[in-house]
file data26.txt (compact mmCIF, C-alpha atoms)
# COMPACT_ATOMS: atom_id res chain seq x y z
CA MET T 186 116.58 105.59 37.65
CA LYS T 187 118.04 102.14 37.01
CA ARG T 188 120.79 103.69 34.89
CA ALA T 189 121.69 106.11 37.69
CA LEU T 190 121.84 103.26 40.20
CA ARG T 191 124.03 101.27 37.84
CA ARG T 192 126.45 104.18 37.49
CA ALA T 193 126.57 104.58 41.27
CA ALA T 194 127.27 100.88 41.70
CA LEU T 195 130.11 101.01 39.17
CA ALA T 196 131.60 104.06 40.85
CA GLY T 197 131.38 102.36 44.22
CA ALA T 198 133.07 99.25 42.84
CA ALA T 199 135.88 101.40 41.44
CA ALA T 200 136.36 103.06 44.81
CA ILE T 201 136.52 99.69 46.54
CA ALA T 202 139.02 98.49 43.96
CA ALA T 203 141.13 101.57 44.60
CA SER T 204 141.22 100.91 48.32
CA VAL T 205 142.21 97.29 47.72
CA LEU T 206 144.91 98.12 45.19
CA THR T 207 146.63 100.64 47.40
CA ASP T 208 146.64 101.88 50.95
CA ARG T 209 149.35 104.42 50.33
CA ALA T 210 149.03 108.13 50.79
CA PRO T 211 149.23 110.23 48.77
CA TYR T 212 147.29 108.39 46.09
CA PRO T 213 149.81 107.04 43.52
CA TYR T 214 149.87 108.76 40.14
CA ALA T 215 150.22 105.37 38.43
CA GLN T 216 146.58 104.64 39.34
CA LYS T 217 145.29 108.03 38.27
CA TRP T 218 142.56 106.56 36.07
CA LEU T 219 140.59 105.56 39.15
CA LEU T 220 140.45 109.19 40.27
CA ASP T 221 138.33 110.13 37.24
CA VAL T 222 135.42 107.97 38.42
CA PRO T 223 132.88 110.12 40.31
CA LEU T 224 132.02 108.57 43.66
CA PRO T 225 128.36 108.06 44.59
CA LEU T 226 126.94 111.24 46.16
CA LEU T 227 130.35 113.00 45.85
CA THR T 228 129.98 114.32 42.32
CA PRO T 229 131.49 117.66 41.22
CA HIS T 230 127.96 118.97 40.68
CA ARG T 231 127.01 118.26 44.29
CA LEU T 232 130.20 120.00 45.41
CA THR T 233 129.41 123.21 43.53
CA GLU T 234 125.81 123.09 44.73
CA LEU T 235 127.16 123.09 48.29
CA LEU T 236 130.02 125.59 47.90
CA ARG T 237 128.36 127.84 45.30
CA PRO T 238 131.53 129.28 43.70
CA GLY T 239 131.11 132.94 42.81
CA ASP T 240 132.51 135.01 39.99
CA GLY T 241 135.83 136.58 40.98
CA GLU T 242 136.32 134.43 44.09
CA ARG T 243 139.62 132.86 45.11
CA MET T 244 139.26 129.21 46.06
CA LEU T 245 141.62 126.46 47.21
CA GLU T 246 141.62 122.71 46.61
CA ILE T 247 143.81 120.32 48.58
CA GLY T 248 144.76 117.14 46.71
CA PRO T 249 143.19 117.77 43.29
CA GLY T 250 144.09 114.35 41.91
CA THR T 251 143.59 114.44 38.14
CA GLY T 252 141.29 117.47 38.27
CA LEU T 253 137.83 115.90 38.49
CA GLN T 254 136.57 118.67 40.78
CA ALA T 255 138.99 121.43 39.73
CA LEU T 256 137.94 121.38 36.08
CA HIS T 257 134.32 121.74 37.20
CA VAL T 258 134.89 124.46 39.81
CA ALA T 259 137.40 126.76 38.09
CA PRO T 260 135.17 127.93 35.19
CA ARG T 261 132.57 129.05 37.72
CA LEU T 262 135.04 131.52 39.22
CA GLY T 263 135.27 133.51 35.99
CA PRO T 264 138.34 135.16 34.45
CA ASP T 265 138.92 137.32 37.53
CA GLY T 266 138.75 134.39 39.94
CA GLU T 267 141.38 131.81 40.81
CA LEU T 268 141.48 128.20 41.91
CA ALA T 269 144.71 127.33 43.72
CA VAL T 270 145.40 123.59 43.78
CA VAL T 271 147.85 122.15 46.32
CA ASP T 272 149.45 118.72 46.10
CA VAL T 273 152.72 117.09 47.16
CA GLN T 274 152.98 115.25 43.83
CA ARG T 275 154.24 117.29 40.89
CA GLN T 276 152.84 114.71 38.45
CA MET T 277 149.31 115.31 39.70
CA LEU T 278 149.70 119.07 39.40
CA ASP T 279 151.12 118.78 35.89
CA HIS T 280 148.23 116.49 34.93
CA VAL T 281 145.63 118.96 36.19
CA THR T 282 147.21 121.97 34.47
CA ALA T 283 147.55 120.06 31.19
CA ARG T 284 143.88 119.10 31.26
CA ALA T 285 142.95 122.69 32.10
CA ALA T 286 144.98 123.97 29.13
CA GLU T 287 143.18 121.51 26.82
CA ARG T 288 139.89 123.06 27.94
CA SER T 289 141.16 126.67 27.78
CA ILE T 290 140.77 127.03 31.56
CA GLY T 291 143.36 129.58 32.59
CA ASN T 292 142.58 130.33 36.23
CA ILE T 293 144.00 127.21 37.93
CA THR T 294 147.28 127.81 39.76
CA PRO T 295 149.33 124.82 41.00
CA TYR T 296 151.31 124.84 44.24
CA ARG T 297 153.51 121.92 45.27
CA ALA T 298 153.25 122.04 49.04
CA ASP T 299 152.07 120.23 52.14
CA ALA T 300 148.55 120.73 53.49
CA ARG T 301 150.01 120.95 56.99
CA GLU T 302 151.99 124.08 56.08
CA LEU T 303 150.21 125.97 53.33
CA PRO T 304 152.22 128.60 51.41
CA PHE T 305 149.62 131.35 51.79
CA ALA T 306 149.11 134.32 54.06
CA ASP T 307 146.16 134.45 56.46
CA GLY T 308 142.65 135.08 55.15
CA GLN T 309 143.39 134.64 51.45
CA PHE T 310 140.53 132.42 50.28
CA ASP T 311 136.77 132.78 49.96
CA ALA T 312 136.36 129.00 50.02
CA ALA T 313 138.31 125.74 50.07
CA TYR T 314 137.55 122.08 49.60
CA LEU T 315 139.11 118.62 49.73
CA VAL T 316 137.46 115.42 48.56
CA THR T 317 138.50 112.04 50.06
CA VAL T 318 141.81 113.61 51.05
CA LEU T 319 141.65 114.56 54.74
CA GLY T 320 142.20 111.01 55.99
CA GLU T 321 145.32 110.67 53.82
CA ILE T 322 147.05 113.58 55.52
CA PRO T 323 149.33 112.36 58.35
CA ASP T 324 148.17 115.17 60.65
CA ALA T 325 144.57 115.99 59.77
CA PRO T 326 144.10 118.42 62.70
CA ALA T 327 147.08 120.47 61.48
CA ALA T 328 145.63 120.56 57.96
CA LEU T 329 142.28 121.80 59.25
CA ARG T 330 144.00 124.50 61.30
CA GLU T 331 145.87 125.62 58.20
CA LEU T 332 142.67 125.70 56.17
CA ARG T 333 141.00 127.78 58.87
CA ARG T 334 143.98 130.14 58.85
CA VAL T 335 143.94 130.81 55.10
CA LEU T 336 140.15 131.21 54.89
CA LYS T 337 138.54 134.61 55.16
CA PRO T 338 136.43 135.15 58.31
CA ASP T 339 133.26 134.55 56.26
CA GLY T 340 134.83 131.75 54.20
CA ARG T 341 133.52 128.25 53.70
CA LEU T 342 135.12 124.82 53.58
CA ALA T 343 133.72 121.65 52.01
CA VAL T 344 135.02 118.23 53.02
CA GLY T 345 134.01 115.16 51.03
CA GLU T 346 134.38 111.69 52.54
CA PHE T 347 133.73 108.19 51.20
CA ALA T 348 133.97 104.89 53.08
CA ASP T 349 137.44 103.82 52.01
CA ARG T 350 140.44 102.99 54.20
CA HIS T 351 141.13 106.66 54.91
CA TYR T 352 137.50 107.50 55.69
CA VAL T 353 136.84 110.21 58.28
CA PRO T 354 133.41 109.78 59.94
CA LEU T 355 131.28 112.88 60.27
CA THR T 356 131.44 112.79 64.06
CA THR T 357 135.24 112.75 63.93
CA LEU T 358 135.29 115.55 61.37
CA ALA T 359 132.99 117.70 63.50
CA ARG T 360 135.25 117.24 66.54
CA LEU T 361 138.45 118.00 64.61
CA ALA T 362 136.82 120.97 62.92
CA ASN T 363 135.67 122.40 66.24
CA ASP T 364 139.21 122.10 67.63
CA ALA T 365 140.48 123.96 64.55
CA GLY T 366 138.04 126.84 64.92
CA LEU T 367 135.47 125.60 62.38
CA HIS T 368 131.87 124.57 62.81
CA LEU T 369 129.58 122.31 60.82
CA ARG T 370 126.87 124.14 58.90
CA ARG T 371 125.40 121.47 56.66
CA ARG T 372 125.81 117.90 55.44
CA THR T 373 124.64 116.27 52.22
CA GLY T 374 124.65 112.60 51.29
CA ILE T 375 124.69 109.65 53.68
CA PRO T 376 127.04 108.77 56.57
CA PHE T 377 129.39 106.73 54.36
CA ALA T 378 129.44 109.15 51.41
CA TYR T 379 128.96 112.75 52.41
CA TYR T 380 129.92 116.35 51.83
CA ALA T 381 130.17 118.55 54.93
CA LEU T 382 130.10 122.33 54.76
CA LEU T 383 132.16 124.03 57.46
CA ALA T 384 132.62 127.69 58.35
CA PRO T 385 135.05 129.58 60.59
CA CYS T 386 133.93 130.21 64.16
CA ALA T 387 133.86 133.88 65.06
CA GLY T 388 136.90 134.90 67.09
CA SER T 389 138.46 131.43 67.03
CA ALA T 390 142.02 131.20 68.28
CA SER T 391 143.22 129.60 65.03
CA ALA T 392 142.28 132.76 63.18
CA ARG T 393 144.85 134.67 65.20
CA GLY T 394 147.87 132.55 64.27
CA ALA T 395 151.09 134.02 62.95
CA SER T 396 150.89 135.17 59.36
CA ARG T 397 152.96 133.46 56.69
CA PRO T 398 154.58 135.18 53.72
CA SER T 399 152.42 135.54 50.65
CA ALA T 400 152.70 132.76 48.08
CA PRO T 401 153.92 133.30 44.52
CA GLY T 402 151.54 134.87 42.02
CA SER T 403 149.16 132.94 39.81
CA SER T 404 151.85 132.36 37.20
CA GLY T 405 154.22 130.69 39.65
CA ARG T 406 154.46 127.39 41.44
CA ARG T 407 155.42 126.79 45.01
CA GLU T 408 158.03 124.01 44.94
CA THR T 409 158.69 122.63 48.42
CA ASP T 410 160.24 119.41 49.62
CA ALA T 411 157.12 118.57 51.59
CA PRO T 412 156.55 115.08 52.99
CA PRO T 413 153.63 113.07 51.54
CA GLY T 414 150.34 114.32 52.85
CA GLN T 415 147.70 114.51 50.15
CA GLY T 416 147.08 113.55 46.59

call {"tool": "encode", "arguments": {"input": "data26.txt", "output": "structure tokens"}}
result
Amino acid sequence: MKRALRRAALAGAAAIAASVLTDRAPYPYAQKWLLDVPLPLLTPHRLTELLRPGDGERMLEIGPGTGLQALHVAPRLGPDGELAVVDVQRQMLDHVTARAAERSIGNITPYRADARELPFADGQFDAAYLVTVLGEIPDAPAALRELRRVLKPDGRLAVGEFADRHYVPLTTLARLANDAGLHLRRRTGIPFAYYALLAPCAGSASARGASRPSAPGSSGRRETDAPPGQG
């Protein structure tokens, strides 16, 4: 128990150090080592317990960082599944795909794009998630609307938040989610370090937005000149 508390304290200290070192968004690649420290109550294991990735599912991560969550989630989708990772920084995407290759994980597809204008057609994903990323996006409501758009009607969305400078309180998230056509189903953790599970509202207006062209296949990469929004 003491060892677990010590690890949590160290992770919390690293997160505080990260917020002191930089207030820029997206998170700078030069400080990537801090992104490999699991935050208290926001571990990859807790994420998969909440989202329950299924074999053959197609999932989406916004702002994968160095792959802390992606490398944990992707193997659970099986060889017929896919994890699409979206970031505005090519260095982050290259880092994630290199780490995946080292582990013989072949179902992670990188897309360089902006969370406010995702390069996917409507209803493409079984689930999506973003961990300590939403508050870094200049227009969080637009990002949530886009996530609602690309989710299937029975899809699920996990949002992880930690009390840093870009922290989004649960009450704010619930309000923004409702405006985007999503509703809160469950929360784990504590108010200052939580995962929230959201789901599309039946018949929400955001589900009836204009369709976008399909994105490139799993072997391609969407290269857009998107403004900074996540990382």

call {"tool": "residues_around", "arguments": {"input": "data26.txt", "residues": "Leu361 of chain T", "least_positions_apart": "3", "cutoff": "12 Å", "atoms": "all atoms listed in the file", "output": "PyMOL selection string"}}
result
chain T and resi 319-320+324-330+333+353-358+364-369+383

call {"tool": "write_last_selection", "arguments": {"input": "data26.txt", "atoms": "C-alpha atoms", "output": "tab-separated table (two decimals), in the frame of the given file"}}
result
chain	number	residue	atom	x	y	z
T	319	LEU	CA	141.65	114.56	54.74
T	320	GLY	CA	142.20	111.01	55.99
T	324	ASP	CA	148.17	115.17	60.65
T	325	ALA	CA	144.57	115.99	59.77
T	326	PRO	CA	144.10	118.42	62.70
T	327	ALA	CA	147.08	120.47	61.48
T	328	ALA	CA	145.63	120.56	57.96
T	329	LEU	CA	142.28	121.80	59.25
T	330	ARG	CA	144.00	124.50	61.30
T	333	ARG	CA	141.00	127.78	58.87
T	353	VAL	CA	136.84	110.21	58.28
T	354	PRO	CA	133.41	109.78	59.94
T	355	LEU	CA	131.28	112.88	60.27
T	356	THR	CA	131.44	112.79	64.06
T	357	THR	CA	135.24	112.75	63.93
T	358	LEU	CA	135.29	115.55	61.37
T	364	ASP	CA	139.21	122.10	67.63
T	365	ALA	CA	140.48	123.96	64.55
T	366	GLY	CA	138.04	126.84	64.92
T	367	LEU	CA	135.47	125.60	62.38
T	368	HIS	CA	131.87	124.57	62.81
T	369	LEU	CA	129.58	122.31	60.82
T	383	LEU	CA	132.16	124.03	57.46

call {"tool": "atom_distance", "arguments": {"input": "data26.txt", "atom1": "atom CA of Glu287 of chain T", "atom2": "atom CA of Val344 of chain T"}}
result
27.6 Å

call {"tool": "atom_distance", "arguments": {"input": "data26.txt", "atom1": "atom CA of Asp240 of chain T", "atom2": "atom CA of Pro338 of chain T"}}
result
18.7 Å

call {"tool": "atom_distance", "arguments": {"input": "data26.txt", "atom1": "atom CA of Phe377 of chain T", "atom2": "atom CA of Ala298 of chain T"}}
result
28.8 Å

call {"tool": "residues_around", "arguments": {"input": "data26.txt", "residues": "Gly266 of chain T", "least_positions_apart": "5", "cutoff": "9 Å", "atoms": "all atoms listed in the file", "output": "list in words"}}
result
Gly239, Asp240, Gly241, Glu242, Arg243, Met244, Ala259, Pro260, Arg261 and Asn292 of chain T

call {"tool": "residues_around", "arguments": {"input": "data26.txt", "residues": "segment 277-283 of chain T", "least_positions_apart": "4", "cutoff": "9 Å", "atoms": "all atoms listed in the file", "output": "CSV table (one decimal) with C-alpha atoms, in the frame of the given file"}}
result
chain,number,residue,atom,x,y,z
T,214,TYR,CA,149.9,108.8,40.1
T,217,LYS,CA,145.3,108.0,38.3
T,248,GLY,CA,144.8,117.1,46.7
T,249,PRO,CA,143.2,117.8,43.3
T,250,GLY,CA,144.1,114.4,41.9
T,251,THR,CA,143.6,114.4,38.1
T,252,GLY,CA,141.3,117.5,38.3
T,253,LEU,CA,137.8,115.9,38.5
T,255,ALA,CA,139.0,121.4,39.7
T,256,LEU,CA,137.9,121.4,36.1
T,270,VAL,CA,145.4,123.6,43.8
T,271,VAL,CA,147.8,122.2,46.3
T,272,ASP,CA,149.4,118.7,46.1
T,273,VAL,CA,152.7,117.1,47.2
T,287,GLU,CA,143.2,121.5,26.8
T,288,ARG,CA,139.9,123.1,27.9
T,290,ILE,CA,140.8,127.0,31.6
T,291,GLY,CA,143.4,129.6,32.6
T,293,ILE,CA,144.0,127.2,37.9
T,294,THR,CA,147.3,127.8,39.8
T,295,PRO,CA,149.3,124.8,41.0
T,296,TYR,CA,151.3,124.8,44.2
T,297,ARG,CA,153.5,121.9,45.3
T,416,GLY,CA,147.1,113.6,46.6

call {"tool": "closest_residue", "arguments": {"input": "data26.txt", "among": "T:Gln276, T:Ser289, T:Asn363, T:Thr317", "to": "Glu246 of chain T", "atoms": "only C-alpha atoms"}}
result
T:Thr317

call {"tool": "residues_around", "arguments": {"input": "data26.txt", "residues": "Tyr379 of chain T", "least_positions_apart": "6", "cutoff": "12 Å", "atoms": "all atoms listed in the file", "output": "MDAnalysis selection string"}}
result
chainID T and resid 224:228 231:232 235 316:317 343:348 352:356 358 371:373

call {"tool": "write_last_selection", "arguments": {"input": "data26.txt", "atoms": "C-alpha atoms", "output": "short mmCIF file (atom, residue, chain, number, x, y, z; two decimals), in the coordinates of the input"}}
result
data_model
loop_
_atom_site.label_atom_id
_atom_site.label_comp_id
_atom_site.auth_asym_id
_atom_site.auth_seq_id
_atom_site.Cartn_x
_atom_site.Cartn_y
_atom_site.Cartn_z
CA LEU T 224 132.02 108.57 43.66
CA PRO T 225 128.36 108.06 44.59
CA LEU T 226 126.94 111.24 46.16
CA LEU T 227 130.35 113.00 45.85
CA THR T 228 129.98 114.32 42.32
CA ARG T 231 127.01 118.26 44.29
CA LEU T 232 130.20 120.00 45.41
CA LEU T 235 127.16 123.09 48.29
CA VAL T 316 137.46 115.42 48.56
CA THR T 317 138.50 112.04 50.06
CA ALA T 343 133.72 121.65 52.01
CA VAL T 344 135.02 118.23 53.02
CA GLY T 345 134.01 115.16 51.03
CA GLU T 346 134.38 111.69 52.54
CA PHE T 347 133.73 108.19 51.20
CA ALA T 348 133.97 104.89 53.08
CA TYR T 352 137.50 107.50 55.69
CA VAL T 353 136.84 110.21 58.28
CA PRO T 354 133.41 109.78 59.94
CA LEU T 355 131.28 112.88 60.27
CA THR T 356 131.44 112.79 64.06
CA LEU T 358 135.29 115.55 61.37
CA ARG T 371 125.40 121.47 56.66
CA ARG T 372 125.81 117.90 55.44
CA THR T 373 124.64 116.27 52.22
#

call {"tool": "residues_near_point", "arguments": {"input": "data26.txt", "point": "(136.8, 126.8, 51.8)", "cutoff": "10 Å", "atoms": "only C-alpha atoms", "output": "NGL selection string"}}
result
:T and (236 or 238 or 243-246 or 310-315 or 332-333 or 335-337 or 339-344 or 382-385)

call {"tool": "axis_aligned_box", "arguments": {"input": "data26.txt", "around": "segment 247-256 of chain T", "padding_each_side": "8 Å", "output": "lines of an AutoDock Vina configuration file"}}
result
center_x = 140.7
center_y = 117.9
center_z = 42.3
size_x = 24.2
size_y = 23.1
size_z = 28.5

call {"tool": "decode", "arguments": {"input": "data26.txt", "residues": "segment 294-335 of chain T", "atoms": "N, CA and C atoms", "output": "mmCIF file, in the first residue's frame"}}
result
data_model
loop_
_atom_site.group_PDB
_atom_site.id
_atom_site.type_symbol
_atom_site.label_atom_id
_atom_site.label_comp_id
_atom_site.auth_asym_id
_atom_site.auth_seq_id
_atom_site.Cartn_x
_atom_site.Cartn_y
_atom_site.Cartn_z
ATOM 1 N N THR T 294 -2.802 3.324 -36.423
ATOM 2 C CA THR T 294 -2.707 4.146 -37.632
ATOM 3 C C THR T 294 -2.624 5.617 -37.253
ATOM 4 N N PRO T 295 -1.551 6.321 -37.662
ATOM 5 C CA PRO T 295 -1.411 7.737 -37.303
ATOM 6 C C PRO T 295 -2.069 8.662 -38.316
ATOM 7 N N TYR T 296 -2.677 9.720 -37.806
ATOM 8 C CA TYR T 296 -3.269 10.765 -38.644
ATOM 9 C C TYR T 296 -2.838 12.118 -38.098
ATOM 10 N N ARG T 297 -2.161 12.893 -38.909
ATOM 11 C CA ARG T 297 -1.793 14.256 -38.494
ATOM 12 C C ARG T 297 -2.949 15.176 -38.870
ATOM 13 N N ALA T 298 -3.678 15.611 -37.866
ATOM 14 C CA ALA T 298 -4.889 16.393 -38.113
ATOM 15 C C ALA T 298 -5.274 17.124 -36.840
ATOM 16 N N ASP T 299 -6.289 17.954 -36.953
ATOM 17 C CA ASP T 299 -6.779 18.773 -35.857
ATOM 18 C C ASP T 299 -8.041 18.138 -35.283
ATOM 19 N N ALA T 300 -8.127 18.090 -33.960
ATOM 20 C CA ALA T 300 -9.295 17.492 -33.308
ATOM 21 C C ALA T 300 -10.575 18.241 -33.608
ATOM 22 N N ARG T 301 -10.458 19.498 -34.055
ATOM 23 C CA ARG T 301 -11.646 20.295 -34.356
ATOM 24 C C ARG T 301 -12.191 20.025 -35.752
ATOM 25 N N GLU T 302 -11.439 19.272 -36.538
ATOM 26 C CA GLU T 302 -11.882 18.912 -37.898
ATOM 27 C C GLU T 302 -11.281 17.561 -38.243
ATOM 28 N N LEU T 303 -11.883 16.513 -37.715
ATOM 29 C CA LEU T 303 -11.341 15.172 -37.865
ATOM 30 C C LEU T 303 -11.504 14.652 -39.296
ATOM 31 N N PRO T 304 -10.505 13.944 -39.802
ATOM 32 C CA PRO T 304 -10.517 13.479 -41.193
ATOM 33 C C PRO T 304 -11.228 12.143 -41.373
ATOM 34 N N PHE T 305 -12.405 11.996 -40.767
ATOM 35 C CA PHE T 305 -13.144 10.739 -40.829
ATOM 36 C C PHE T 305 -14.607 11.014 -41.162
ATOM 37 N N ALA T 306 -15.211 10.053 -41.832
ATOM 38 C CA ALA T 306 -16.642 10.138 -42.113
ATOM 39 C C ALA T 306 -17.438 9.895 -40.828
ATOM 40 N N ASP T 307 -18.723 10.191 -40.883
ATOM 41 C CA ASP T 307 -19.592 10.021 -39.717
ATOM 42 C C ASP T 307 -19.670 8.562 -39.287
ATOM 43 N N GLY T 308 -19.806 8.335 -37.986
ATOM 44 C CA GLY T 308 -20.104 7.018 -37.448
ATOM 45 C C GLY T 308 -19.069 5.952 -37.727
ATOM 46 N N GLN T 309 -17.785 6.306 -37.649
ATOM 47 C CA GLN T 309 -16.726 5.367 -38.004
ATOM 48 C C GLN T 309 -16.177 4.566 -36.823
ATOM 49 N N PHE T 310 -16.366 5.046 -35.600
ATOM 50 C CA PHE T 310 -15.643 4.463 -34.472
ATOM 51 C C PHE T 310 -16.574 3.874 -33.415
ATOM 52 N N ASP T 311 -16.145 2.739 -32.879
ATOM 53 C CA ASP T 311 -16.863 2.105 -31.775
ATOM 54 C C ASP T 311 -16.617 2.854 -30.473
ATOM 55 N N ALA T 312 -15.431 3.439 -30.341
ATOM 56 C CA ALA T 312 -15.083 4.155 -29.114
ATOM 57 C C ALA T 312 -13.960 5.134 -29.400
ATOM 58 N N ALA T 313 -13.821 6.113 -28.516
ATOM 59 C CA ALA T 313 -12.754 7.109 -28.619
ATOM 60 C C ALA T 313 -12.358 7.525 -27.214
ATOM 61 N N TYR T 314 -11.182 8.093 -27.101
ATOM 62 C CA TYR T 314 -10.744 8.582 -25.798
ATOM 63 C C TYR T 314 -9.683 9.665 -25.967
ATOM 64 N N LEU T 315 -9.558 10.506 -24.955
ATOM 65 C CA LEU T 315 -8.503 11.509 -24.876
ATOM 66 C C LEU T 315 -8.193 11.743 -23.406
ATOM 67 N N VAL T 316 -6.920 11.750 -23.074
ATOM 68 C CA VAL T 316 -6.483 11.808 -21.683
ATOM 69 C C VAL T 316 -5.663 13.078 -21.468
ATOM 70 N N THR T 317 -6.129 13.956 -20.611
ATOM 71 C CA THR T 317 -5.533 15.265 -20.304
ATOM 72 C C THR T 317 -5.226 16.044 -21.584
ATOM 73 N N VAL T 318 -6.165 16.033 -22.502
ATOM 74 C CA VAL T 318 -5.994 16.678 -23.802
ATOM 75 C C VAL T 318 -7.083 17.717 -24.073
ATOM 76 N N LEU T 319 -8.296 17.480 -23.626
ATOM 77 C CA LEU T 319 -9.427 18.323 -24.008
ATOM 78 C C LEU T 319 -9.175 19.798 -23.706
ATOM 79 N N GLY T 320 -8.613 20.094 -22.543
ATOM 80 C CA GLY T 320 -8.363 21.474 -22.161
ATOM 81 C C GLY T 320 -7.274 22.155 -22.967
ATOM 82 N N GLU T 321 -6.467 21.382 -23.691
ATOM 83 C CA GLU T 321 -5.419 21.946 -24.543
ATOM 84 C C GLU T 321 -5.946 22.355 -25.914
ATOM 85 N N ILE T 322 -7.112 21.886 -26.266
ATOM 86 C CA ILE T 322 -7.675 22.181 -27.582
ATOM 87 C C ILE T 322 -8.312 23.570 -27.543
ATOM 88 N N PRO T 323 -7.946 24.457 -28.461
ATOM 89 C CA PRO T 323 -8.460 25.838 -28.419
ATOM 90 C C PRO T 323 -9.980 25.933 -28.412
ATOM 91 N N ASP T 324 -10.659 24.994 -29.048
ATOM 92 C CA ASP T 324 -12.121 25.007 -29.094
ATOM 93 C C ASP T 324 -12.615 23.627 -28.666
ATOM 94 N N ALA T 325 -12.680 23.418 -27.355
ATOM 95 C CA ALA T 325 -13.096 22.112 -26.834
ATOM 96 C C ALA T 325 -14.505 21.721 -27.273
ATOM 97 N N PRO T 326 -15.486 22.645 -27.296
ATOM 98 C CA PRO T 326 -16.816 22.260 -27.777
ATOM 99 C C PRO T 326 -16.799 21.710 -29.202
ATOM 100 N N ALA T 327 -15.994 22.325 -30.079
ATOM 101 C CA ALA T 327 -15.906 21.838 -31.455
ATOM 102 C C ALA T 327 -15.309 20.438 -31.498
ATOM 103 N N ALA T 328 -14.314 20.178 -30.656
ATOM 104 C CA ALA T 328 -13.704 18.856 -30.614
ATOM 105 C C ALA T 328 -14.704 17.800 -30.146
ATOM 106 N N LEU T 329 -15.509 18.140 -29.142
ATOM 107 C CA LEU T 329 -16.510 17.190 -28.666
ATOM 108 C C LEU T 329 -17.579 16.935 -29.724
ATOM 109 N N ARG T 330 -17.957 17.971 -30.462
ATOM 110 C CA ARG T 330 -18.926 17.767 -31.544
ATOM 111 C C ARG T 330 -18.360 16.845 -32.618
ATOM 112 N N GLU T 331 -17.086 17.013 -32.923
ATOM 113 C CA GLU T 331 -16.452 16.149 -33.914
ATOM 114 C C GLU T 331 -16.368 14.708 -33.417
ATOM 115 N N LEU T 332 -16.046 14.535 -32.148
ATOM 116 C CA LEU T 332 -15.996 13.185 -31.595
ATOM 117 C C LEU T 332 -17.374 12.539 -31.620
ATOM 118 N N ARG T 333 -18.396 13.308 -31.307
ATOM 119 C CA ARG T 333 -19.766 12.774 -31.388
ATOM 120 C C ARG T 333 -20.100 12.372 -32.819
ATOM 121 N N ARG T 334 -19.659 13.180 -33.774
ATOM 122 C CA ARG T 334 -19.956 12.913 -35.182
ATOM 123 C C ARG T 334 -19.339 11.607 -35.664
ATOM 124 N N VAL T 335 -18.088 11.340 -35.278
ATOM 125 C CA VAL T 335 -17.396 10.168 -35.816
ATOM 126 C C VAL T 335 -17.684 8.901 -35.021
#
